[in-house]
Structures are given as C-alpha cells and as structure tokens.
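Notes follow the structure.
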Amino acid sequence: MPQHGEATMSGEQGATARRVRRPAWNDTRLLVGLALVLLSVAGGARLVASVQESTPVYAAGQVLVPGERVDPEDLVVVDVRLAEGASRYVDAGQGWPGELYALRVVGEGELLPRAAVGSERQVRDRTVTVPVDPATVEGLQQGASVDIWVSARDEEAVGERYEAPALVLQEATVAGLPQERGALGVGSSSAAVQVVVPQEEVSAVIAAVDQGGKVTLVPGAGGTG
C-alpha cells in the first residue's frame with residue numbers, strides 16, 4: 001500500500017510532466033506563429049528582389065540640344081535600379097517610341113527623362129502670357145485646351161469700347177495659371193495666364209495683346225490635355 005508521501009510525490013511528478021510537455025503540431029498558437037514567420041520571410045524576399053531588380057533606360061551618348069531630333073544612335077542603354085522612379089525616364093526595354101525631339105538640354109551621360117523629349121510640334125510651340133478677365137480664370141485648369149478670342153479696342157468710340165470678338169487661335173494649351181487664384185477678381189483688372197501656341201501664331205497673339213484688345217479664353221471641345 002503506497003504511503004501518503006509517495007502519492008504526493010507521484011502527483012507532483014505528473015503535474016511537472018504536464019507542464020513541460022512539448023506542444024502538439026495542432027496547437028493554434030504554434031501554427032499562427034509559424035504563419036507569421038513565413039509571411040515575414042516571404043515579404044523580406046520580395047523586398048530584396050525589388051531592390052535588386054534593374055531597368056534598362058536610355059542615357060544621352062552626347063549632349064542633346066533643344067530642337068534637335070533625337071535618334072537611338074544618340075543614346076546608350078544603361079541598366080539602373082530606380083524602383084518606382086524608373087517611370088520618369090524613357091524605357092529602353094519597350095522599344096524606340098518614335099520620332100522625338102529634345103525639349104531641353106540633356107548632358108552627356110544623363111538619363112533621358114520623358115519630360116525632356118517630345119514631338120516636333122512641341123519644339124515649335126512657344127509660351128505666351130496673356131491678360132484675361134480674372135472671373136474667367138476660375139474655370140480653367142493647367143493643361144486644358146482653349147480657344148483664344150480677342151475683342152479689339154474700338155479706336156473711334158468715345159471711352160473704352162470694344163469691337164465684336166474674333167477667333168485668333170484654336171486649341172491653345174494652358175501652361176500656367178496665377179498663383180493666388182482665390183484673390184482674383186477683387187481690385188484686379190486682369191489676370192496673367194500662360195498659354196502654349198504654335199510659333200507661327202505667336203505674333204498674332206502678341207499683337208492682339210499689345211493693341212489693348214480684350215482676351216477671352218474659351219475652353220475647347222477637347223477639354224484638358
């Protein structure tokens with residue numbers, strides 16, 4: 001017959017065995033912990049892969065001058081690690097995009113930004129600042145296509161009078177708007193808006209402004225550019 005002391009010792013040993021028992025594979029906490037470790041490892045691997053991934057882009061093989069046609073022979077292909085910033089440059093892995101011209105100076109060895117090249121029309125276009133009624137600026141957006149209408153001053157009339165408006169240019173592009181648009185219209189007779197016009201139309205737009213004509217920008221059917 002076991003003694004009281006022996007029974008107590010046996011019970012303590014059983015409790016200890018239960019406490020140090022190894023966790024089973026179906027333990028919920030163990031499974032959750034393993035899942036978190038696996039997700040962390042997978043995420044780290046993807047991050048390392050994205051950092052190490054390179055993208056082929058064009059770089060200038062010589063100095064590119066504004067107005068000059070850019071051909072593939074003027075460029076070199078380089079592999080760079082730019083991550084999300086690669087979208088700002090001309091991708092050499094997509095093939096040559098077509099006829100391009102330099103819009104600004106690109107130094108030799110400099111990566112070729114998308115904004116530094118454009119079409120032949122963009123090369124010929126010029127930016128002209130025109131004064132318009134401040135009340136009409138609120139409806140304009142940068143990049144919008146507008147028609148330029150000008151009401152010439154009536155020189156024979158007494159006082160400030162204008163003739164019927166005439167269309168000077170269709171499909172100009174709004175390049176810049178006044179900085180403080182909220183303050184326009186109060187104590188201000190005009191607001192300066194920058195518009196991009198073809199080179200051959202620059203003189204007509206400037207002449208209309210210099211002769212004191214009233215310029216109105218009418219949003220075109222094309223909307224924003």
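By order in the structure tokens, chains are A, B, ...; within a chain, residues start at 1; ligands start at 1, following the order shown.
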(request) List every residue of region 26-195 of chain A that DSSP, applied to the backbone of this structure, assigns to strand (DSSP E or B), and report them as a ChimeraX atom specification. (result) /A:55-60,64,69-70,75-80,89,91,100-102,106,111,113,117-118,125-132,144-151,153,162,166-176,191-195
(message) Can you pull out the residues contacting Arg126 (chain A)? Cut-off 6 Å, using only C-alpha atoms, and skip same-chain residues under 3 positions away; I want them as a list in words.
(response) Val196, Val197 and Gln199 of chain A
(message) Give me, as a count of residues only, all polymer residues having an atom no more than 12 Å from Val123 (chain A), counting only C-alpha atoms and skipping those fewer than 4 positions away in the same chain.
(response) 19
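Using only C-alpha atoms, the protein and nucleic acid residues lying no more than 6 Å from Leu169 (chain A), apart from those fewer than 2 places from it along its own chain, are Asp147, Ile148 and Leu167 of chain A.
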Could those residues be written to a file, using N, CA and C atoms, as a compact mmCIF listing (two decimals), in the first residue's frame?
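Full text of result-v5.txt as output:
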# COMPACT_ATOMS: atom_id res chain seq x y z
N ASP A 147 -9.63 78.02 -76.79
CA ASP A 147 -9.61 78.87 -77.98
C ASP A 147 -9.38 80.31 -77.51
N ILE A 148 -8.56 81.05 -78.26
CA ILE A 148 -8.25 82.44 -77.88
C ILE A 148 -9.10 83.38 -78.75
N LEU A 167 -12.04 85.13 -83.41
CA LEU A 167 -11.21 83.98 -83.06
C LEU A 167 -9.80 84.18 -83.61
(request) Enter the distance from CA of Pro134 (chain A) to CA of Glu155 (chain A), in Å, rounded to one decimal. (result)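 Calculated distance between CA of Pro134 (chain A) and CA of Glu155 (chain A) is 24.1 Å.
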(request) Point out the residue among A:Val76, A:Ala175, A:Val205, A:Ala152 with the least atom-to-atom distance to Gly109 (chain A), counting only C-alpha atoms. (result)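 Under the stated criterion, the closest residue is A:Val76.
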(message) What's the separation between CA of Asp133 (chain A) and CA of Arg121 (chain A), in Å to one decimal place?
(response)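 Here the two named atoms are 28.8 Å from each other.
With CA of Leu140 (chain A) on one side and CA of Glu200 (chain A) on the other, the separation reads 24.4 Å.
Those residues of region 104-223 of chain A that DSSP, working from the backbone, places in helix (DSSP H, G or I) are Arg114, Ala115, Ala116, Glu120, Arg121, Gln122, Val123, Arg124, Pro134, Ala135, Thr136, Arg181, Gly182, Ala183, Gln199, Glu200, Glu201, Val202, Ser203, Ala204, Val205, Ile206, Ala207, Ala208, Val209 and Asp210 of chain A.
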(request) Could you give me, as a list in words, the residues within 8 Å of region 157-164 of chain A, counting only C-alpha atoms and dropping anything in the same chain fewer than 3 positions from it? (result)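 Near region 157-164 of chain A, the qualifying residues are Ser151, Ala152, Arg153, Asp154, Gly213 and Lys214 of chain A.
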(request) Name the residues in contact with Trp96 (chain A) at a cut-off of 12 Å, using only C-alpha atoms, excluding same-chain residues fewer than 4 positions from it; report them as a list in words. (result)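 Once the adjacent positions are removed, what remains is Val57, Tyr58, Val70, Asp71, Pro72, Glu73, Leu75, Val77, Val90, Asp91, Ala92 and Leu100 of chain A.
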Using only C-alpha atoms, which residues sit within 7 Å of Ala192 (chain A) once same-chain residues fewer than 5 positions away are excluded, as a PDB file with N, CA and C atoms, in the first residue's frame?
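Now in around_27.pdb:
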ATOM      1  N   THR A 129       2.255  84.870 -72.463  1.00  0.00           N
ATOM      2  CA  THR A 129       1.427  85.303 -71.337  1.00  0.00           C
ATOM      3  C   THR A 129       0.390  86.303 -71.829  1.00  0.00           C
ATOM      4  N   VAL A 130      -0.882  86.027 -71.525  1.00  0.00           N
ATOM      5  CA  VAL A 130      -1.966  86.920 -71.960  1.00  0.00           C
ATOM      6  C   VAL A 130      -2.775  87.359 -70.745  1.00  0.00           C
ATOM      7  N   PRO A 131      -3.229  88.639 -70.730  1.00  0.00           N
ATOM      8  CA  PRO A 131      -4.085  89.114 -69.639  1.00  0.00           C
ATOM      9  C   PRO A 131      -5.545  88.783 -69.945  1.00  0.00           C
ATOM     10  N   VAL A 132      -6.239  88.205 -68.988  1.00  0.00           N
ATOM     11  CA  VAL A 132      -7.645  87.854 -69.175  1.00  0.00           C
ATOM     12  C   VAL A 132      -8.459  88.365 -67.991  1.00  0.00           C
ATOM     13  N   PRO A 178      -2.403  81.945 -62.569  1.00  0.00           N
ATOM     14  CA  PRO A 178      -1.927  82.797 -61.471  1.00  0.00           C
ATOM     15  C   PRO A 178      -1.792  82.005 -60.185  1.00  0.00           C
TER      16      PRO A 178
END
